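Text of the file target.cif, holding mmCIF, C-alpha atoms:
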```cif
data_data
#
loop_
_atom_site.label_atom_id
_atom_site.label_comp_id
_atom_site.auth_asym_id
_atom_site.auth_seq_id
_atom_site.Cartn_x
_atom_site.Cartn_y
_atom_site.Cartn_z
CA MET A 1 -23.77 -0.31 -3.94
CA ILE A 2 -24.48 2.20 -6.68
CA TYR A 3 -22.48 -0.01 -9.04
CA HIS A 4 -24.53 -3.08 -8.10
CA LEU A 5 -27.78 -1.11 -8.31
CA PHE A 6 -27.00 -0.19 -11.91
CA GLU A 7 -26.09 -3.82 -12.57
CA LEU A 8 -29.54 -4.89 -11.38
CA LEU A 9 -31.17 -2.27 -13.60
CA LYS A 10 -29.05 -3.02 -16.68
CA ASP A 11 -32.09 -4.32 -18.60
CA TYR A 12 -33.73 -0.91 -18.33
CA ASP A 13 -32.78 1.99 -20.55
CA ILE A 14 -31.50 4.46 -17.97
CA PRO A 15 -29.59 7.50 -19.29
CA GLY A 16 -25.89 7.31 -18.41
CA GLN A 17 -26.18 3.74 -17.19
CA ARG A 18 -23.17 2.52 -19.16
CA LEU A 19 -20.90 4.99 -17.39
CA MET A 20 -20.88 2.69 -14.36
CA THR A 21 -19.25 -0.02 -16.47
CA TYR A 22 -16.15 2.14 -16.95
CA LEU A 23 -13.42 1.76 -14.34
CA SER A 24 -12.13 5.27 -15.02
CA PHE A 25 -15.54 6.82 -14.33
CA ARG A 26 -16.06 4.90 -11.09
CA ALA A 27 -12.50 5.63 -9.96
CA ILE A 28 -13.01 9.37 -10.47
CA PHE A 29 -16.30 9.35 -8.58
CA ALA A 30 -14.82 7.24 -5.77
CA SER A 31 -11.94 9.70 -5.40
CA VAL A 32 -14.16 12.78 -5.40
CA THR A 33 -16.58 11.16 -2.94
CA ALA A 34 -13.73 10.25 -0.59
CA ILE A 35 -12.39 13.82 -0.69
CA LEU A 36 -15.81 15.29 0.10
CA ILE A 37 -16.43 12.84 2.94
CA SER A 38 -13.00 13.64 4.42
CA LEU A 39 -13.68 17.38 4.24
CA VAL A 40 -17.26 17.33 5.54
CA ALA A 41 -17.13 14.47 8.04
CA GLY A 42 -13.56 15.35 9.01
CA LYS A 43 -14.56 18.72 10.38
CA ARG A 44 -17.26 17.17 12.56
CA ILE A 45 -15.04 14.32 13.74
CA ILE A 46 -12.29 16.77 14.73
CA ARG A 47 -14.78 18.80 16.76
CA TRP A 48 -15.99 15.63 18.46
CA LEU A 49 -12.41 14.58 19.26
CA GLN A 50 -11.73 18.05 20.72
CA LYS A 51 -14.92 17.88 22.77
CA LYS A 52 -13.91 14.51 24.19
CA GLN A 53 -10.39 15.87 24.77
CA ILE A 54 -8.85 13.07 22.74
CA GLY A 55 -5.53 14.83 22.29
CA GLU A 56 -1.99 13.75 21.57
CA GLU A 57 0.33 13.35 24.55
CA ILE A 58 3.69 14.77 23.50
CA ARG A 59 7.04 13.79 24.97
CA ASP A 60 9.54 16.64 25.01
CA LEU A 61 12.32 15.54 22.63
CA GLY A 62 13.72 19.01 22.15
CA LEU A 63 12.31 19.43 18.66
CA GLU A 64 11.34 22.85 17.34
CA GLY A 65 7.60 23.52 17.72
CA GLN A 66 7.01 20.09 19.22
CA MET A 67 5.29 21.11 22.44
CA GLN A 68 2.88 23.36 20.53
CA LYS A 69 1.27 20.16 19.21
CA LYS A 70 0.26 19.02 22.68
CA GLY A 71 -3.48 18.45 22.87
CA THR A 72 -3.95 18.24 19.08
CA PRO A 73 -6.72 15.66 18.42
CA THR A 74 -5.46 12.23 17.44
CA MET A 75 -7.18 9.08 16.09
CA GLY A 76 -7.96 11.07 12.93
CA GLY A 77 -7.36 7.91 10.94
CA ILE A 78 -11.07 7.30 11.51
CA ILE A 79 -11.67 10.01 8.88
CA ILE A 80 -9.47 8.22 6.34
CA ILE A 81 -10.96 4.78 6.94
CA LEU A 82 -14.54 6.06 6.89
CA SER A 83 -13.95 7.91 3.61
CA ILE A 84 -12.36 4.87 1.96
CA LEU A 85 -15.03 2.41 3.09
CA ILE A 86 -18.03 4.52 2.07
CA SER A 87 -16.58 5.40 -1.35
CA VAL A 88 -15.56 1.81 -2.12
CA LEU A 89 -18.91 0.41 -0.98
CA LEU A 90 -20.66 2.84 -3.30
CA PHE A 91 -18.62 2.50 -6.48
CA ALA A 92 -16.62 -0.75 -6.43
CA ASP A 93 -17.61 -4.27 -7.42
CA LEU A 94 -18.05 -5.86 -4.00
CA THR A 95 -17.96 -9.38 -5.45
CA ASN A 96 -14.39 -8.85 -6.67
CA ILE A 97 -11.95 -10.90 -4.57
CA TYR A 98 -9.33 -8.14 -4.63
CA ILE A 99 -11.78 -5.56 -3.27
CA ILE A 100 -12.87 -7.99 -0.55
CA LEU A 101 -9.26 -8.55 0.57
CA LEU A 102 -8.52 -4.81 0.61
CA LEU A 103 -11.65 -4.09 2.64
CA ILE A 104 -10.72 -6.79 5.15
CA SER A 105 -7.19 -5.34 5.40
CA THR A 106 -8.50 -1.82 5.94
CA VAL A 107 -10.91 -2.81 8.71
CA TRP A 108 -8.48 -5.22 10.40
CA LEU A 109 -5.54 -2.82 10.57
CA GLY A 110 -7.83 0.10 11.34
CA LEU A 111 -9.16 -1.75 14.39
CA LEU A 112 -5.61 -2.70 15.39
CA GLY A 113 -4.50 0.94 15.24
CA PHE A 114 -7.68 2.11 17.00
CA THR A 115 -7.00 -0.31 19.86
CA ASP A 116 -3.46 1.03 20.18
CA ASP A 117 -4.66 4.65 20.20
CA TYR A 118 -7.45 3.82 22.67
CA ILE A 119 -4.95 2.38 25.16
CA LYS A 120 -2.71 5.45 24.78
CA VAL A 121 -5.46 8.07 25.04
CA PHE A 122 -8.12 6.64 27.33
CA ARG A 123 -5.98 4.42 29.54
CA HIS A 124 -3.11 6.93 29.54
CA ASN A 125 -0.57 4.24 28.70
CA LYS A 126 2.03 5.87 26.45
CA GLU A 127 3.32 2.48 25.30
CA GLY A 128 -0.05 1.51 23.83
CA LEU A 129 -0.49 -1.98 22.45
CA SER A 130 2.62 -4.12 22.81
CA GLU A 131 4.86 -4.59 19.78
CA ARG A 132 4.28 -8.34 20.00
CA ALA A 133 0.49 -7.94 19.86
CA LYS A 134 0.76 -5.64 16.84
CA LEU A 135 3.11 -8.03 15.10
CA ILE A 136 0.86 -11.03 15.73
CA ALA A 137 -2.16 -9.18 14.32
CA GLN A 138 -0.21 -8.13 11.23
CA ILE A 139 1.08 -11.68 10.71
CA ILE A 140 -2.46 -13.06 10.95
CA LEU A 141 -3.61 -10.65 8.25
CA GLY A 142 -0.61 -11.59 6.10
CA LEU A 143 -1.44 -15.27 6.44
CA VAL A 144 -5.08 -14.65 5.49
CA ILE A 145 -4.03 -12.71 2.38
CA GLY A 146 -1.32 -15.24 1.51
CA ILE A 147 -3.52 -18.31 1.88
CA THR A 148 -6.27 -16.66 -0.16
CA VAL A 149 -3.81 -15.80 -2.94
CA CYS A 150 -2.59 -19.40 -2.80
CA PHE A 151 -5.92 -21.22 -2.92
CA SER A 152 -8.52 -18.86 -4.43
CA ASN A 153 -9.45 -19.72 -8.02
CA ASP A 154 -10.34 -16.05 -8.56
CA ILE A 155 -6.71 -14.95 -8.14
CA VAL A 156 -4.85 -15.94 -11.29
CA VAL A 157 -2.52 -14.47 -13.88
CA ARG A 158 -2.54 -15.00 -17.63
CA GLU A 159 0.63 -15.94 -19.41
CA LYS A 160 1.17 -15.54 -23.13
CA VAL A 161 1.79 -18.83 -24.91
CA PRO A 162 3.13 -18.47 -28.48
CA VAL A 163 0.88 -20.26 -30.95
CA SER A 164 1.23 -20.47 -34.72
CA ALA A 165 -1.58 -19.19 -36.92
CA GLU A 166 -1.92 -22.69 -38.43
CA ALA A 167 -2.56 -24.22 -35.04
CA GLU A 168 -5.08 -21.52 -34.17
CA THR A 169 -7.17 -22.09 -37.27
CA SER A 170 -7.08 -25.89 -37.06
CA GLY A 171 -7.71 -26.09 -33.32
CA VAL A 172 -4.93 -28.64 -32.75
CA HIS A 173 -3.22 -29.25 -29.42
CA VAL A 174 -0.38 -26.92 -28.55
CA SER A 175 1.87 -27.78 -25.60
CA GLY A 176 -0.80 -30.12 -24.30
CA GLU A 177 -3.56 -27.52 -24.54
CA THR A 178 -6.31 -27.18 -27.12
CA LEU A 179 -7.09 -23.70 -28.29
CA ASP A 180 -10.49 -22.48 -27.23
CA VAL A 181 -12.54 -20.03 -29.26
CA ASP A 182 -12.95 -17.96 -26.11
CA SER A 183 -9.20 -17.70 -25.48
CA GLU A 184 -7.65 -14.24 -25.37
CA LEU A 185 -5.74 -14.09 -28.67
CA LYS A 186 -3.58 -11.39 -30.15
CA VAL A 187 -1.28 -11.28 -33.17
CA GLU A 188 2.34 -10.52 -32.29
CA ASP A 189 5.28 -10.79 -34.66
CA GLY A 190 3.33 -12.96 -37.08
CA GLN A 191 2.14 -15.36 -34.35
CA TRP A 192 -0.88 -15.73 -32.17
CA ALA A 193 -0.41 -15.23 -28.43
CA GLU A 194 -2.85 -17.09 -26.20
CA HIS A 195 -3.29 -15.93 -22.62
CA ASP A 196 -3.33 -19.04 -20.48
CA VAL A 197 -4.97 -18.70 -17.05
CA ILE A 198 -2.72 -20.13 -14.31
CA LYS A 199 -2.03 -20.04 -10.58
CA SER A 200 1.40 -18.54 -10.31
CA THR A 201 4.00 -17.34 -7.81
CA LYS A 202 5.48 -14.95 -10.34
CA THR A 203 5.89 -11.29 -9.57
CA THR A 204 7.32 -8.17 -11.22
CA ILE A 205 10.98 -7.28 -10.84
CA PRO A 206 12.80 -4.36 -12.54
CA PHE A 207 15.91 -4.32 -14.72
CA VAL A 208 15.41 -7.76 -16.30
CA LYS A 209 14.21 -8.64 -19.80
CA ASN A 210 10.78 -10.08 -18.99
CA HIS A 211 10.20 -8.16 -15.75
CA GLU A 212 9.35 -11.38 -13.93
CA PHE A 213 10.66 -13.25 -10.91
CA ASP A 214 9.22 -16.58 -9.75
CA TYR A 215 9.39 -17.46 -6.07
CA LYS A 216 9.67 -21.13 -7.04
CA TRP A 217 13.28 -20.36 -8.01
CA LEU A 218 13.98 -20.05 -4.27
CA SER A 219 12.64 -23.53 -3.56
CA PRO A 220 15.35 -26.19 -3.07
CA PHE A 221 12.91 -28.97 -3.98
CA ASP A 222 11.17 -30.22 -7.11
CA GLY A 223 7.92 -32.06 -7.67
CA ALA A 224 5.04 -31.99 -5.18
CA LEU A 225 7.30 -30.91 -2.31
CA GLY A 226 8.62 -28.09 -4.45
CA TRP A 227 5.05 -26.94 -5.16
CA TYR A 228 4.28 -26.65 -1.43
CA CYS A 229 7.64 -25.03 -0.76
CA LYS A 230 7.23 -22.30 -3.39
CA TRP A 231 3.81 -21.32 -2.04
CA ALA A 232 5.14 -21.33 1.52
CA ILE A 233 7.92 -18.95 0.43
CA TYR A 234 5.39 -16.74 -1.34
CA VAL A 235 3.08 -16.62 1.70
CA LEU A 236 6.06 -15.79 3.93
CA MET A 237 6.98 -12.95 1.58
CA ILE A 238 3.41 -11.64 1.71
CA VAL A 239 3.50 -11.61 5.52
CA ILE A 240 6.82 -9.74 5.50
CA VAL A 241 5.62 -7.14 2.98
CA ILE A 242 2.38 -6.36 4.82
CA THR A 243 4.11 -6.15 8.21
CA ALA A 244 6.96 -3.99 6.86
CA CYS A 245 4.66 -1.57 5.01
CA SER A 246 2.30 -1.16 7.95
CA ASN A 247 5.12 -0.48 10.42
CA GLY A 248 7.09 1.65 7.92
CA THR A 249 4.17 4.04 7.49
CA ASN A 250 3.68 4.10 11.23
CA LEU A 251 7.31 5.18 11.78
CA THR A 252 7.02 7.88 9.10
CA ASP A 253 4.00 9.41 10.81
CA GLY A 254 5.92 11.93 12.88
CA MET A 255 5.41 15.24 11.07
CA ASP A 256 2.37 17.13 9.91
CA GLY A 257 1.33 15.78 6.50
CA LEU A 258 4.45 13.67 5.97
CA SER A 259 2.92 10.19 6.04
CA THR A 260 -0.33 11.39 4.45
CA GLY A 261 1.35 13.01 1.44
CA THR A 262 3.89 10.27 0.75
CA SER A 263 1.19 7.58 1.04
CA ALA A 264 -1.03 9.43 -1.43
CA ILE A 265 1.82 9.57 -3.95
CA ALA A 266 2.41 5.81 -3.62
CA GLY A 267 -1.34 5.21 -3.88
CA VAL A 268 -1.52 7.02 -7.23
CA VAL A 269 1.21 4.82 -8.72
CA LEU A 270 -0.31 1.59 -7.40
CA GLY A 271 -3.69 2.63 -8.79
CA ILE A 272 -2.12 3.17 -12.22
CA PHE A 273 -0.40 -0.22 -12.04
CA ALA A 274 -3.66 -1.90 -11.05
CA TYR A 275 -5.49 -0.34 -13.98
CA LEU A 276 -2.75 -1.36 -16.43
CA SER A 277 -2.43 -4.91 -15.05
CA GLY A 278 -6.17 -5.45 -15.29
CA ASN A 279 -6.35 -4.35 -18.94
CA ILE A 280 -5.17 -6.95 -21.46
CA ILE A 281 -4.24 -4.40 -24.15
CA ASN A 282 -2.17 -2.21 -21.82
CA ALA A 283 -0.56 -5.22 -20.16
CA ASP A 284 0.48 -6.62 -23.55
CA TYR A 285 1.83 -3.29 -24.71
CA LEU A 286 3.90 -2.73 -21.57
CA ASN A 287 4.88 -6.41 -21.40
CA ILE A 288 3.65 -6.81 -17.82
CA MET A 289 1.54 -9.55 -16.29
CA TYR A 290 -2.12 -9.44 -17.17
CA ILE A 291 -4.03 -10.15 -13.95
CA PRO A 292 -7.80 -10.42 -14.57
CA GLY A 293 -9.92 -8.45 -12.11
CA THR A 294 -7.17 -6.21 -10.72
CA GLY A 295 -8.52 -3.23 -12.64
CA GLU A 296 -11.11 -2.96 -9.88
CA ILE A 297 -8.29 -2.17 -7.44
CA ALA A 298 -7.92 1.14 -9.28
CA VAL A 299 -11.33 2.16 -7.88
CA PHE A 300 -10.21 1.28 -4.35
CA MET A 301 -6.90 3.13 -4.70
CA ALA A 302 -8.69 6.18 -6.13
CA ALA A 303 -10.82 6.25 -2.97
CA PHE A 304 -7.66 5.73 -0.91
CA VAL A 305 -5.88 8.69 -2.50
CA GLY A 306 -9.01 10.85 -2.27
CA ALA A 307 -9.37 10.09 1.44
CA LEU A 308 -5.72 11.03 2.06
CA VAL A 309 -5.98 14.26 0.06
CA GLY A 310 -9.11 15.24 1.99
CA PHE A 311 -7.43 14.38 5.29
CA LEU A 312 -4.38 16.42 4.30
CA TRP A 313 -6.64 19.49 4.35
CA TYR A 314 -6.65 19.19 8.16
CA ASN A 315 -3.35 17.35 8.63
CA SER A 316 -1.05 19.77 6.78
CA PHE A 317 1.21 22.06 8.82
CA PRO A 318 0.15 23.15 11.39
CA ALA A 319 -1.98 20.04 11.84
CA GLN A 320 -5.51 20.29 13.24
CA VAL A 321 -5.60 16.52 13.70
CA PHE A 322 -3.21 13.56 13.71
CA MET A 323 -4.07 10.24 12.09
CA GLY A 324 -2.61 8.21 14.96
CA ASP A 325 -1.98 4.50 14.64
CA THR A 326 -5.61 4.16 13.54
CA GLY A 327 -4.63 5.68 10.22
CA SER A 328 -0.92 4.92 9.85
CA LEU A 329 -1.15 1.15 10.35
CA ALA A 330 -4.12 0.94 7.98
CA ILE A 331 -2.72 2.99 5.10
CA GLY A 332 0.62 1.17 5.24
CA GLY A 333 -1.17 -2.17 5.16
CA ILE A 334 -3.32 -1.08 2.22
CA ILE A 335 -0.22 -0.14 0.24
CA GLY A 336 1.40 -3.50 1.01
CA VAL A 337 -1.69 -5.59 0.21
CA CYS A 338 -2.33 -3.69 -3.02
CA ALA A 339 1.27 -4.17 -4.18
CA ILE A 340 1.03 -7.91 -3.47
CA LEU A 341 -2.27 -8.36 -5.31
CA ILE A 342 -0.96 -6.68 -8.46
CA ARG A 343 2.40 -8.50 -8.17
CA LYS A 344 4.47 -5.33 -7.67
CA GLU A 345 5.73 -5.92 -4.12
CA LEU A 346 9.39 -6.04 -5.20
CA LEU A 347 9.03 -2.46 -6.48
CA LEU A 348 8.06 -1.18 -3.01
CA PRO A 349 11.64 -0.43 -1.83
CA ILE A 350 11.77 2.08 -4.70
CA LEU A 351 8.19 3.37 -4.71
CA CYS A 352 8.02 3.55 -0.91
CA GLY A 353 11.68 4.48 -0.55
CA ILE A 354 10.87 7.03 2.15
CA PHE A 355 9.12 4.43 4.32
CA PHE A 356 11.97 2.00 3.65
CA VAL A 357 14.70 4.47 4.65
CA GLU A 358 12.74 5.65 7.70
CA SER A 359 12.44 2.04 8.93
CA LEU A 360 16.08 1.34 8.10
CA SER A 361 17.22 4.40 10.05
CA VAL A 362 15.49 3.11 13.19
CA LEU A 363 17.04 -0.36 12.84
CA VAL A 364 20.53 1.06 12.18
CA GLN A 365 20.25 3.50 15.08
CA ARG A 366 19.19 0.81 17.57
CA PHE A 367 21.78 -1.72 16.41
CA TYR A 368 24.69 0.75 16.44
CA PHE A 369 23.70 2.22 19.82
CA LYS A 370 23.53 -1.24 21.46
CA TYR A 371 26.74 -2.36 19.75
CA THR A 372 28.79 0.67 20.87
CA LYS A 373 27.33 0.58 24.36
CA LYS A 374 28.36 -3.07 24.73
CA LYS A 375 31.82 -2.47 23.26
CA TYR A 376 32.74 0.94 24.69
CA GLY A 377 30.33 1.28 27.59
CA VAL A 378 28.75 4.33 25.97
CA GLY A 379 26.10 4.18 23.29
CA LYS A 380 26.77 6.21 20.13
CA ARG A 381 24.42 7.34 17.38
CA VAL A 382 24.52 7.15 13.60
CA PHE A 383 21.79 9.80 13.25
CA LYS A 384 21.10 12.69 15.58
CA MET A 385 17.68 11.14 16.05
CA ALA A 386 15.60 8.39 14.48
CA PRO A 387 13.34 7.99 12.51
CA LEU A 388 15.21 9.89 9.83
CA HIS A 389 12.84 12.86 9.53
CA HIS A 390 13.62 13.86 13.14
CA HIS A 391 17.35 13.80 12.33
CA PHE A 392 16.87 16.99 10.29
CA GLN A 393 15.06 18.70 13.18
CA LYS A 394 17.83 18.15 15.70
CA GLU A 395 21.02 20.09 16.30
CA GLY A 396 23.84 19.93 18.80
CA ILE A 397 23.77 16.15 19.26
CA PRO A 398 26.96 14.18 18.43
CA ALA A 399 26.39 11.57 15.74
CA LEU A 400 28.27 9.90 12.89
CA ILE A 401 26.08 11.83 10.45
CA SER A 402 25.94 15.41 11.68
CA VAL A 403 24.64 17.09 8.51
CA PRO A 404 22.76 19.42 8.56
CA LYS A 405 24.36 21.38 11.38
CA LYS A 406 21.27 23.53 11.94
CA ALA A 407 17.71 22.36 12.44
CA THR A 408 15.45 22.45 9.36
CA PRO A 409 11.85 23.70 9.79
CA GLU A 410 9.28 20.89 9.88
CA ALA A 411 7.22 22.18 6.96
CA LYS A 412 10.31 22.31 4.73
CA ILE A 413 11.32 18.75 5.65
CA THR A 414 7.83 17.49 4.82
CA VAL A 415 7.69 19.18 1.41
CA ARG A 416 11.19 17.95 0.52
CA PHE A 417 10.20 14.40 1.42
CA TRP A 418 7.11 14.80 -0.81
CA ILE A 419 9.36 15.88 -3.69
CA ILE A 420 11.56 12.84 -3.16
CA GLY A 421 8.41 10.70 -3.07
CA VAL A 422 7.29 12.09 -6.43
CA LEU A 423 10.73 11.42 -7.96
CA LEU A 424 10.64 7.83 -6.68
CA ALA A 425 7.12 7.41 -8.06
CA VAL A 426 8.20 8.60 -11.51
CA LEU A 427 11.21 6.28 -11.40
CA THR A 428 8.99 3.33 -10.45
CA ILE A 429 6.68 3.96 -13.40
CA ALA A 430 9.67 4.37 -15.72
CA LEU A 431 10.91 0.92 -14.69
CA LEU A 432 8.02 -0.59 -16.66
CA LYS A 433 9.98 0.18 -19.84
CA ILE A 434 13.53 -0.32 -18.54
CA ARG A 435 14.83 -3.86 -19.00
#
```
Spit out the file's structure as structure tokens when you get a sec.
Amino acid sequence: MIYHLFELLKDYDIPGQRLMTYLSFRAIFASVTAILISLVAGKRIIRWLQKKQIGEEIRDLGLEGQMQKKGTPTMGGIIIILSILISVLLFADLTNIYIILLLISTVWLGLLGFTDDYIKVFRHNKEGLSERAKLIAQIILGLVIGITVCFSNDIVVREKVPVSAEAETSGVHVSGETLDVDSELKVEDGQWAEHDVIKSTKTTIPFVKNHEFDYKWLSPFDGALGWYCKWAIYVLMIVIVITACSNGTNLTDGMDGLSTGTSAIAGVVLGIFAYLSGNIINADYLNIMYIPGTGEIAVFMAAFVGALVGFLWYNSFPAQVFMGDTGSLAIGGIIGVCAILIRKELLLPILCGIFFVESLSVLVQRFYFKYTKKKYGVGKRVFKMAPLHHHFQKEGIPALISVPKKATPEAKITVRFWIIGVLLAVLTIALLKIR
């Protein structure tokens, strides 16, 4: 709103007015605002949750210090969502399609998580919302995002088309296109490079020369049928990414500060990618896709990281509040949607390696337990406990992987996971230059 207010007053000579035109300035202010809202409003929300006795119901799993958390206020994700929404509404361009999609994702998944927490806390149903209901809601969001990406004229990428200097000066047709004086042109290796606006199913993939993968390569058809098929594959991929990220973050939310810290680290990297992808000079230099308008996502992700950092003030060990599904489903979905919009979803298994391994540990544990129970009559475990972070807290349980023998303190596990998250983040950024 502040951004749009300055836009309305752009004809007046107001000191410092131009600062609002800079993404970096608005991103910084959005982040700081989100931190302050989390700190100030968070304290009041926690008191309100305590007053209403909205506390976490803990099952005794034999983990060190687990029962001490009983009664700790939950549904703290309200703090995160509130901080993000207010900061983005103040400093982001609300007409930007990417911001609109991220706001919709935040509210949708926040309401989904809130409903789940409400059933658990107020109706005293430990199961909460059914897995099927959660999955359906996540799929609906994925379809909305996917269809918008498919049909919106505001979501495009710009590809470089080599053009000779002779053609540029004469204005002749090149590859069926006439050069426009307003085209984005840049001299490279003695040639002009025109950035041609297109609808594309291309995305970023590491370790290859041009860093690009096109989902149309997965289509078995050509022509008109191939066009529909490639977009159907892309939309399906979008649904899978959003669902996986949302549930992956939810599974990781089992220790004080674990999900909050690792999500903030991923948010920083995605914000950097958004800024670079939305800037034609940086995109050309790094040889990544230039996606007009995605620079605005940097403002959103700055607010996202700020909200998580502020929440970590209360969520760090020993936690004064838990985010609950209200927060975990929303922040996972935001990470997934952001990665899709800036065409970096195939980097998520690296960037969000912790979420990926946590989810994988649950799947492996369930599959192996059912398989051994069916074959031998007794279920066996791969890990002492799943998700993976609880494996390090347990001792004395027979499992294929029994290391470490002794239980590791929760705070140490969390910090070590943060360190791994930072290493994965650095590796993900480094992949921009590795071909």
Next item on the list: For the structure shown, which residues end up in the PyMOL selection byres ((chain A and resi 405) around 10)? Put them as an NGL selection string, please?
Entry: :A and (392-397 or 401-404 or 406-408)
Each segment 84-144 of chain A residue no farther than 9 Å from segment 32-40 of chain A, nearest pair in Å, all atoms listed in the file, as a tab-separated table:
```
residue	atom	partner	partner_atom	distance
A:Ile84	CA	A:Ala34	CA	6.1
A:Leu85	CA	A:Ala34	CA	8.8
A:Ile86	CA	A:Ala34	CA	7.6
A:Ser87	CA	A:Ala34	CA	5.7
A:Val88	CA	A:Ala34	CA	8.8
```
Tell me which residues the PyMOL selection byres ((chain A and resi 294-305) around 7) grabs here, as a PDB file with C-alpha atoms, in the coordinates of the input.
```pdb
ATOM      1  CA  LEU A  23     -13.420   1.760 -14.340  1.00  0.00           C
ATOM      2  CA  ARG A  26     -16.060   4.900 -11.090  1.00  0.00           C
ATOM      3  CA  ALA A  27     -12.500   5.630  -9.960  1.00  0.00           C
ATOM      4  CA  ILE A  28     -13.010   9.370 -10.470  1.00  0.00           C
ATOM      5  CA  ALA A  30     -14.820   7.240  -5.770  1.00  0.00           C
ATOM      6  CA  SER A  31     -11.940   9.700  -5.400  1.00  0.00           C
ATOM      7  CA  ALA A  34     -13.730  10.250  -0.590  1.00  0.00           C
ATOM      8  CA  ILE A  84     -12.360   4.870   1.960  1.00  0.00           C
ATOM      9  CA  SER A  87     -16.580   5.400  -1.350  1.00  0.00           C
ATOM     10  CA  VAL A  88     -15.560   1.810  -2.120  1.00  0.00           C
ATOM     11  CA  ALA A  92     -16.620  -0.750  -6.430  1.00  0.00           C
ATOM     12  CA  TYR A  98      -9.330  -8.140  -4.630  1.00  0.00           C
ATOM     13  CA  ILE A  99     -11.780  -5.560  -3.270  1.00  0.00           C
ATOM     14  CA  ALA A 264      -1.030   9.430  -1.430  1.00  0.00           C
ATOM     15  CA  GLY A 267      -1.340   5.210  -3.880  1.00  0.00           C
ATOM     16  CA  VAL A 268      -1.520   7.020  -7.230  1.00  0.00           C
ATOM     17  CA  GLY A 271      -3.690   2.630  -8.790  1.00  0.00           C
ATOM     18  CA  ILE A 272      -2.120   3.170 -12.220  1.00  0.00           C
ATOM     19  CA  ALA A 274      -3.660  -1.900 -11.050  1.00  0.00           C
ATOM     20  CA  TYR A 275      -5.490  -0.340 -13.980  1.00  0.00           C
ATOM     21  CA  SER A 277      -2.430  -4.910 -15.050  1.00  0.00           C
ATOM     22  CA  GLY A 278      -6.170  -5.450 -15.290  1.00  0.00           C
ATOM     23  CA  ASN A 279      -6.350  -4.350 -18.940  1.00  0.00           C
ATOM     24  CA  ILE A 291      -4.030 -10.150 -13.950  1.00  0.00           C
ATOM     25  CA  PRO A 292      -7.800 -10.420 -14.570  1.00  0.00           C
ATOM     26  CA  GLY A 293      -9.920  -8.450 -12.110  1.00  0.00           C
ATOM     27  CA  GLY A 306      -9.010  10.850  -2.270  1.00  0.00           C
ATOM     28  CA  ALA A 307      -9.370  10.090   1.440  1.00  0.00           C
ATOM     29  CA  LEU A 308      -5.720  11.030   2.060  1.00  0.00           C
ATOM     30  CA  VAL A 309      -5.980  14.260   0.060  1.00  0.00           C
ATOM     31  CA  ILE A 342      -0.960  -6.680  -8.460  1.00  0.00           C
TER      32      ILE A 342
END
```
Note to self: Under the PyMOL selection byres ((chain A and resi 136-151) around 9), which residues of this model are included? Write them out as a PyMOL selection string.
What the structure shows: chain A and resi 101+104-105+108-109+112+131-135+152-156+199-201+231-232+234-243+246+333+337+341
Next item on the list: Please measure the separation of atom CA of Ile429 of chain A and atom CA of Ala339 of chain A, giving the value in Å to one decimal.
Entry: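 Those two atoms sit 13.4 Å apart.
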Next item on the list: Between atom CA of Asp117 of chain A and atom CA of Glu345 of chain A, measure the distance and give it in Å to one decimal.
Entry: 28.5 Å
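Considering the residues A:Gly76, A:Gly310, A:Pro15, A:Pro206 and counting only C-alpha atoms, Ile45 of chain A has its shortest atom-to-atom contact with A:Gly76.
Distance check against Lys209 of chain A using only C-alpha atoms: of A:Gln50, A:Asn287, A:Ala224, A:Thr252, the minimum falls on A:Asn287.
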Cut-off 7 Å around (4.9, -10.5, -15.1) with only C-alpha atoms: residues as a PDB file with C-alpha atoms, in the frame of the given file:
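See out34.pdb below for the written result:
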```pdb
ATOM      1  CA  LYS A 202       5.480 -14.950 -10.340  1.00  0.00           C
ATOM      2  CA  THR A 203       5.890 -11.290  -9.570  1.00  0.00           C
ATOM      3  CA  THR A 204       7.320  -8.170 -11.220  1.00  0.00           C
ATOM      4  CA  HIS A 211      10.200  -8.160 -15.750  1.00  0.00           C
ATOM      5  CA  GLU A 212       9.350 -11.380 -13.930  1.00  0.00           C
ATOM      6  CA  ILE A 288       3.650  -6.810 -17.820  1.00  0.00           C
ATOM      7  CA  MET A 289       1.540  -9.550 -16.290  1.00  0.00           C
TER       8      MET A 289
END
```
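Atom pair atom CA of Phe122 of chain A / atom CA of Leu102 of chain A has a distance of 29.1 Å (rounded to one decimal).
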Notebook entry, point to check: If we count only C-alpha atoms, what is near Gly110 of chain A at a cut-off of 7 Å, once residues fewer than 2 positions away on the same chain are taken out, given as an MDAnalysis selection string?
Noted result: chainID A and resid 106:108 112:114 326:327 329:330
Include C-alpha atoms and write out the residues we just selected as a PDB file, in the coordinates of the input.
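Listed below is the output, part_14.pdb:
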```
ATOM      1  CA  THR A 106      -8.500  -1.820   5.940  1.00  0.00           C
ATOM      2  CA  VAL A 107     -10.910  -2.810   8.710  1.00  0.00           C
ATOM      3  CA  TRP A 108      -8.480  -5.220  10.400  1.00  0.00           C
ATOM      4  CA  LEU A 112      -5.610  -2.700  15.390  1.00  0.00           C
ATOM      5  CA  GLY A 113      -4.500   0.940  15.240  1.00  0.00           C
ATOM      6  CA  PHE A 114      -7.680   2.110  17.000  1.00  0.00           C
ATOM      7  CA  THR A 326      -5.610   4.160  13.540  1.00  0.00           C
ATOM      8  CA  GLY A 327      -4.630   5.680  10.220  1.00  0.00           C
ATOM      9  CA  LEU A 329      -1.150   1.150  10.350  1.00  0.00           C
ATOM     10  CA  ALA A 330      -4.120   0.940   7.980  1.00  0.00           C
TER      11      ALA A 330
END
```
